[in-house]
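What follows is one structure encoded as structure tokens, with my remarks underneath.
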Amino acid sequence: MIVLGLDGATHSLIRPWVEAGHLPTFARLYEESVHGDLESTIPEITVPAWPAFATGRNPERLDVYGFTHFNRETRELDLSHDEYVPGKMWDAVDDQGGRCVVFNIPGSYPWQAIDGTIIAAAPEYKESYSYPEDRWDELESVVGGYKLRNDATPGSQRYVEQSLSLVDKRFDGFEHFIEEEQPELAVGLVRATDRVAHHYWSAEPKDSNPLFEVYRRVDERLGEFLDAHDDEDIVVMSDHGFEAVTRKFAPNYVLSRAGFVHLHERGDEKKRALGKLRDAASDALGRVGLLTLARNVVPESYVADLPTGSTLGLDNAISLGRIDWERTRAVADVGQKTTMVYALTDDPEVRSEIVTDVRRKLTEAADEVGLNVRFVELERGGPHTPDLAMVIETPEVHASSRFDVDSPLFDVSTSGHARNGIFFARGPSFRTGTVEGAAITDIAPTVLHALGRTVPKSTDGDVLDVFALDIDAAERAPEYYDFVGKRAVSEGGVAGDDERETEVKSRLRELGYLE
């Protein structure tokens with residue numbers, strides 16, 4: 001069984017480009033597979049979506065809500081890069097005696113040691129991540145110049161060229177370890193379909209569109225990959241979709257106007273000035289190619305808590321000390337189309353009152369500006385779990401954590417995640433046609449069931465109705481067991497680094513994840 005992820009890949013681009021005759025491999029998949037939409041997590045962000053994919057568990061069970069997520073107890077935004085997530089599908093296969101290859105999956109570090117190979121898409125400020133340790137040198141010898149991320153400047157031709165090169169290196173490296181290990185389960189990811197969409201969104205099928213170039217390269221390499229594994233079961237999927245973003249909704253503006261959030265008139269002006277100076281220096285150094293050198297010379301811990309940019313979103317409001325926590329009853333963090341509301345109390349009755357009132361105010365504000373929204377109330381699973389999530393169903397509208405706007409809805413011109421990603425399952429075990437109602441948490445139990453393995457009871461997802469009628473998996477009911485994973489093992493990995501926060505956050509801002 002092979003699972004190939006295409007980060008952020010979306011039917012909204014693939015279908016029209018297939019119909020126009022540009023993506024022959026995806027055209028094959030529509031004909032030869034069972035396929036459909038794949039609903040992402042709440043919120044629809046790379047993290048928690050990939051950990052949810054790997055474990056079959058929802059974010060409230062993982063207590064992970066983004067690359068950064070608000071901590072109700074500390075009133076800070078925590079980085080989630082190095083948090084160990086136990087019970088991934090490859091851990092369950094290993095636990096039952098199988099061999100696996102894991103290649104470039106976010107959330108795969110820190111890992112539990114497995115029989116096989118892990119090349120982790122780890123925190124991007126590191127140089128290498130592999131288990132066993134010598135696998136990294138082996139990868140380098142096969143593809144040469146392998147990178148965890150595209151470190152070229154977005155907007156440059158070099159960024160586009162490096163994106164295309166990394167597509168090739170991802171496919172080449174993944175294929176090498178599949179051939180080398182002959183695993184029962186291989187799980188790999190190509191990320192350029194997401195990163196380039198953030199920086200170069202366009203639905204135009206022309207050579208001058210970098211996103212179209214990336215999809216064509218993926219289509220070409222995917223065709224070769226399918227041919228090489230023609231008699232094997234292959235799932236092709238994405239963690240979310242993508243769309244143009246023309247407007248943003250500001251829940252913190254609504255909450256502050258309704259008296260749930262209170263701001264101090266002024267914040268730390270010294271931090272503000274230093275933040276502006278740091279931003280200006282970063283821009284100047286970036287233009288002349290010296291930013292990486294500067295980051296190596298000046299420890300990130302010196303500037304980690306400085307604000308970035310000129311807007312007052314949640315991150316900058318916290319950095320500047322603008323939020324009056326003594327008077328604030330609730331605050332909103334955001335993730336693409338999802339607003340996450342945190343009630344700042346441990347009293348169940350007060351919490352219920354706050355959630356009810358906030359929901360009413362957000363509903364009124366959304367109705368006034370013509371947005372279609374839905375709400376999900378969550379059980380607290382830890383300090384990062386919100387009490388209420390509001391999902392924007394209106395296309396091309398995302399959430400913003402900003403306080404400093406003049407109305408709850410404002411115009412932008414950017415791109416971002418959509419709720420539904422892609423799902424294709426092709427091979428001897430799968431039927432053709434369509435599947436409805438598939439969610440990203442369904443992938444792990446479906447894959448384990450297809451392999452004849454027992455599914456961990458901790459899984460929230462279901463086994464999908466995607467199997468051919470004459471296959472054992474279609475007739476056999478899923479079996480579940482109490483999976484107890486080993487604790488995180490990091491032999492061959494890289495220890496934590498306290499001097500990373502600003503570098504990570506700056507890239508998250510580039511991609512539109514932070515304000």
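Ordered as shown in the structure tokens, chains take letters A, B, and onward, while each chain numbers its residues from 1 and ligands are numbered from 1 in the order shown.
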Who sits within 6 Å of Val187 of chain A, only C-alpha atoms, same chain under 5 positions skipped, as a ChimeraX atom specification: /A:2-4,102
What does the file look like for those residues with N, CA and C atoms, as a compact mmCIF listing (two decimals), in the first residue's frame?
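Output file again36.txt is given in full below:
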```txt
# COMPACT_ATOMS: atom_id res chain seq x y z
N ILE A 2 0.59 2.16 -0.92
CA ILE A 2 1.30 3.44 -1.00
C ILE A 2 0.29 4.56 -0.83
N VAL A 3 0.60 5.51 0.04
CA VAL A 3 -0.21 6.71 0.20
C VAL A 3 0.66 7.90 -0.20
N LEU A 4 0.25 8.62 -1.23
CA LEU A 4 0.99 9.79 -1.71
C LEU A 4 0.17 11.04 -1.45
N VAL A 102 8.29 6.25 5.61
CA VAL A 102 7.58 7.52 5.85
C VAL A 102 8.46 8.62 5.29
```
Can you pull out every residue within 9 Å of segment 324-337 of chain A, counting only C-alpha atoms, but drop anything in the same chain fewer than 6 positions away, and send it as JSON, numbers by chain? {"A": [42, 43, 44, 45, 65, 66, 69, 70, 75, 248, 251, 252, 255, 256, 259, 260, 261, 262, 263, 264, 314, 315, 343, 344, 345, 354, 355, 358, 386, 390, 391, 392, 393, 397, 398, 399, 400, 401, 416, 417, 418, 419, 512, 513, 514]}
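Taking only C-alpha atoms into account, Asp404 of chain A lies nearest to A:Gly313 out of the set A:Gly145, A:Gly241, A:Gly21, A:Gly313.
Among the candidates A:Gly382, A:Val196, A:Arg135, A:Ala186, the one nearest to Asn150 of chain A when counting only C-alpha atoms is A:Val196.
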For Gly461 of chain A, work out the shell of residues within 9 Å, counting only C-alpha atoms and skipping chain neighbours fewer than 6 positions away, then give it as a tab-separated table (two decimals) with N, CA and C atoms, in the first residue's frame.
```tsv
chain	number	residue	atom	x	y	z
A	56	GLY	N	-5.79	9.32	12.42
A	56	GLY	CA	-7.23	9.14	12.38
A	56	GLY	C	-7.94	9.84	13.52
A	57	ARG	N	-7.24	10.75	14.21
A	57	ARG	CA	-7.84	11.43	15.36
A	57	ARG	C	-8.06	12.92	15.05
A	58	ASN	N	-9.14	13.45	15.59
A	58	ASN	CA	-9.48	14.85	15.38
A	58	ASN	C	-8.59	15.77	16.21
A	439	ALA	N	-13.52	11.96	4.97
A	439	ALA	CA	-12.80	12.94	5.79
A	439	ALA	C	-11.36	12.48	5.97
A	440	ILE	N	-10.50	13.42	6.27
A	440	ILE	CA	-9.08	13.10	6.37
A	440	ILE	C	-8.80	12.10	7.50
A	441	THR	N	-9.63	12.09	8.54
A	441	THR	CA	-9.45	11.13	9.62
A	441	THR	C	-9.84	9.72	9.23
A	442	ASP	N	-10.47	9.57	8.05
A	442	ASP	CA	-10.85	8.23	7.59
A	442	ASP	C	-9.70	7.50	6.89
A	443	ILE	N	-8.64	8.21	6.53
A	443	ILE	CA	-7.56	7.60	5.75
A	443	ILE	C	-6.84	6.51	6.55
A	444	ALA	N	-6.44	6.82	7.78
A	444	ALA	CA	-5.68	5.85	8.58
A	444	ALA	C	-6.46	4.55	8.81
A	445	PRO	N	-7.71	4.60	9.29
A	445	PRO	CA	-8.42	3.33	9.48
A	445	PRO	C	-8.68	2.59	8.17
A	446	THR	N	-8.90	3.33	7.07
A	446	THR	CA	-9.12	2.68	5.78
A	446	THR	C	-7.87	1.96	5.30
```
Compile the contact shell of segment 226-236 of chain A as a ChimeraX atom specification: residues with an atom at most 6 Å away, counting only C-alpha atoms, same-chain residues fewer than 6 positions apart removed. /A:1-5,423-427
Selection to disk with C-alpha atoms, as a short mmCIF file (atom, residue, chain, number, x, y, z; two decimals), in the first residue's frame:
```cif
data_model
loop_
_atom_site.label_atom_id
_atom_site.label_comp_id
_atom_site.auth_asym_id
_atom_site.auth_seq_id
_atom_site.Cartn_x
_atom_site.Cartn_y
_atom_site.Cartn_z
CA MET A 1 0.00 0.00 0.00
CA ILE A 2 1.30 3.44 -1.00
CA VAL A 3 -0.21 6.71 0.20
CA LEU A 4 0.99 9.79 -1.71
CA GLY A 5 0.03 13.19 -0.33
CA PHE A 423 -8.99 11.71 -2.67
CA PHE A 424 -8.16 9.00 -5.23
CA ALA A 425 -7.75 5.28 -4.46
CA ARG A 426 -6.50 3.12 -7.33
CA GLY A 427 -5.38 -0.49 -7.46
#
```
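For Lys486 of chain A, the set of protein, DNA and RNA residues having any atom at most 9 Å away, when counting only C-alpha atoms and skipping those fewer than 6 positions along the same chain, is Pro86, Gly87, Asp91, Gln112 and Ala113 of chain A.
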Within 10 Å of segment 115-122 of chain A, counting only C-alpha atoms, which residues show up once you throw out same-chain ones fewer than 3 positions away? Write them as an MDAnalysis selection string, please. chainID A and resid 81:82 90:91 93:95 97:112 125:136 139 147:149 173:174 177:178 180:189 191 493:494
Give me every alpha helix (DSSP H) residue in segment 354-383 of chain A, going by DSSP on the backbone, as a PyMOL selection string. chain A and resi 354-368
Saved selection, atoms kept: N, CA, C and O atoms, as a short mmCIF file (atom, residue, chain, number, x, y, z; two decimals), in the first residue's frame:
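Output contents, as saved in result_23.cif:
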```cif
data_model
loop_
_atom_site.label_atom_id
_atom_site.label_comp_id
_atom_site.auth_asym_id
_atom_site.auth_seq_id
_atom_site.Cartn_x
_atom_site.Cartn_y
_atom_site.Cartn_z
N ILE A 354 -20.42 32.36 28.10
CA ILE A 354 -19.55 33.07 27.16
C ILE A 354 -19.70 32.49 25.76
O ILE A 354 -19.84 33.23 24.77
N VAL A 355 -19.67 31.17 25.65
CA VAL A 355 -19.78 30.52 24.34
C VAL A 355 -21.10 30.87 23.68
O VAL A 355 -21.15 31.17 22.47
N THR A 356 -22.18 30.85 24.44
CA THR A 356 -23.50 31.18 23.90
C THR A 356 -23.55 32.61 23.40
O THR A 356 -24.04 32.90 22.29
N ASP A 357 -23.01 33.53 24.21
CA ASP A 357 -23.04 34.95 23.83
C ASP A 357 -22.13 35.23 22.63
O ASP A 357 -22.49 36.00 21.73
N VAL A 358 -20.96 34.62 22.62
CA VAL A 358 -20.04 34.83 21.51
C VAL A 358 -20.64 34.29 20.22
O VAL A 358 -20.57 34.93 19.16
N ARG A 359 -21.24 33.13 20.31
CA ARG A 359 -21.86 32.54 19.12
C ARG A 359 -22.94 33.44 18.56
O ARG A 359 -23.03 33.63 17.33
N ARG A 360 -23.73 34.02 19.44
CA ARG A 360 -24.79 34.92 18.98
C ARG A 360 -24.21 36.16 18.29
O ARG A 360 -24.68 36.55 17.21
N LYS A 361 -23.18 36.75 18.89
CA LYS A 361 -22.58 37.95 18.31
C LYS A 361 -21.91 37.66 16.97
O LYS A 361 -22.02 38.44 16.01
N LEU A 362 -21.20 36.54 16.87
CA LEU A 362 -20.55 36.20 15.61
C LEU A 362 -21.58 35.86 14.53
O LEU A 362 -21.39 36.20 13.36
N THR A 363 -22.68 35.23 14.94
CA THR A 363 -23.74 34.92 13.99
C THR A 363 -24.35 36.21 13.44
O THR A 363 -24.57 36.35 12.22
N GLU A 364 -24.63 37.15 14.34
CA GLU A 364 -25.20 38.44 13.91
C GLU A 364 -24.26 39.16 12.95
O GLU A 364 -24.69 39.68 11.92
N ALA A 365 -22.97 39.17 13.29
CA ALA A 365 -22.00 39.87 12.44
C ALA A 365 -21.87 39.19 11.08
O ALA A 365 -21.79 39.86 10.04
N ALA A 366 -21.86 37.85 11.07
CA ALA A 366 -21.75 37.12 9.81
C ALA A 366 -22.99 37.36 8.95
O ALA A 366 -22.89 37.54 7.73
N ASP A 367 -24.16 37.36 9.59
CA ASP A 367 -25.41 37.59 8.84
C ASP A 367 -25.42 38.98 8.22
O ASP A 367 -25.88 39.17 7.08
N GLU A 368 -24.93 39.95 8.97
CA GLU A 368 -24.95 41.34 8.49
C GLU A 368 -24.12 41.52 7.22
O GLU A 368 -24.44 42.35 6.37
#
```
Excluding Thr46 of chain A and its own-chain neighbours fewer than 6 positions away, which residues fall within 9 Å of it when counting only C-alpha atoms? Please give them as a PDB file with N, CA, C and O atoms, in the first residue's frame.
```pdb
ATOM      1  N   ASP A   7       0.223  18.130  -0.961  1.00  0.00           N
ATOM      2  CA  ASP A   7      -0.215  19.137   0.000  1.00  0.00           C
ATOM      3  C   ASP A   7      -1.014  20.244  -0.687  1.00  0.00           C
ATOM      4  O   ASP A   7      -0.539  20.883  -1.625  1.00  0.00           O
ATOM      5  N   GLY A   8      -2.236  20.459  -0.222  1.00  0.00           N
ATOM      6  CA  GLY A   8      -3.060  21.543  -0.742  1.00  0.00           C
ATOM      7  C   GLY A   8      -3.615  21.319  -2.130  1.00  0.00           C
ATOM      8  O   GLY A   8      -4.220  22.230  -2.701  1.00  0.00           O
ATOM      9  N   GLY A  66      -2.641  24.203  14.882  1.00  0.00           N
ATOM     10  CA  GLY A  66      -1.929  25.005  13.905  1.00  0.00           C
ATOM     11  C   GLY A  66      -0.435  24.929  14.126  1.00  0.00           C
ATOM     12  O   GLY A  66       0.056  24.321  15.086  1.00  0.00           O
ATOM     13  N   PHE A  67       0.327  25.527  13.217  1.00  0.00           N
ATOM     14  CA  PHE A  67       1.763  25.662  13.425  1.00  0.00           C
ATOM     15  C   PHE A  67       2.012  26.431  14.720  1.00  0.00           C
ATOM     16  O   PHE A  67       2.961  26.178  15.445  1.00  0.00           O
ATOM     17  N   PRO A 106       4.562  16.121   7.450  1.00  0.00           N
ATOM     18  CA  PRO A 106       4.559  17.014   8.609  1.00  0.00           C
ATOM     19  C   PRO A 106       4.014  16.296   9.841  1.00  0.00           C
ATOM     20  O   PRO A 106       3.040  15.547   9.763  1.00  0.00           O
ATOM     21  N   ASP A 239      -4.342  17.302   2.137  1.00  0.00           N
ATOM     22  CA  ASP A 239      -4.800  17.646   3.484  1.00  0.00           C
ATOM     23  C   ASP A 239      -5.887  18.707   3.493  1.00  0.00           C
ATOM     24  O   ASP A 239      -6.611  18.869   4.470  1.00  0.00           O
ATOM     25  N   HIS A 240      -6.034  19.434   2.420  1.00  0.00           N
ATOM     26  CA  HIS A 240      -7.063  20.467   2.263  1.00  0.00           C
ATOM     27  C   HIS A 240      -7.030  20.907   0.807  1.00  0.00           C
ATOM     28  O   HIS A 240      -6.158  20.486   0.029  1.00  0.00           O
TER      29      HIS A 240
END
```
Report the residues of segment 415-458 of chain A whose backbone DSSP state falls under strand (DSSP E), written as a list in words. Ser415, Gly416, His417, Ala418, Asn420, Gly421, Ile422, Phe423, Phe424, Ala425, Arg426, Gly433, Thr434, Val455 and Pro456 of chain A
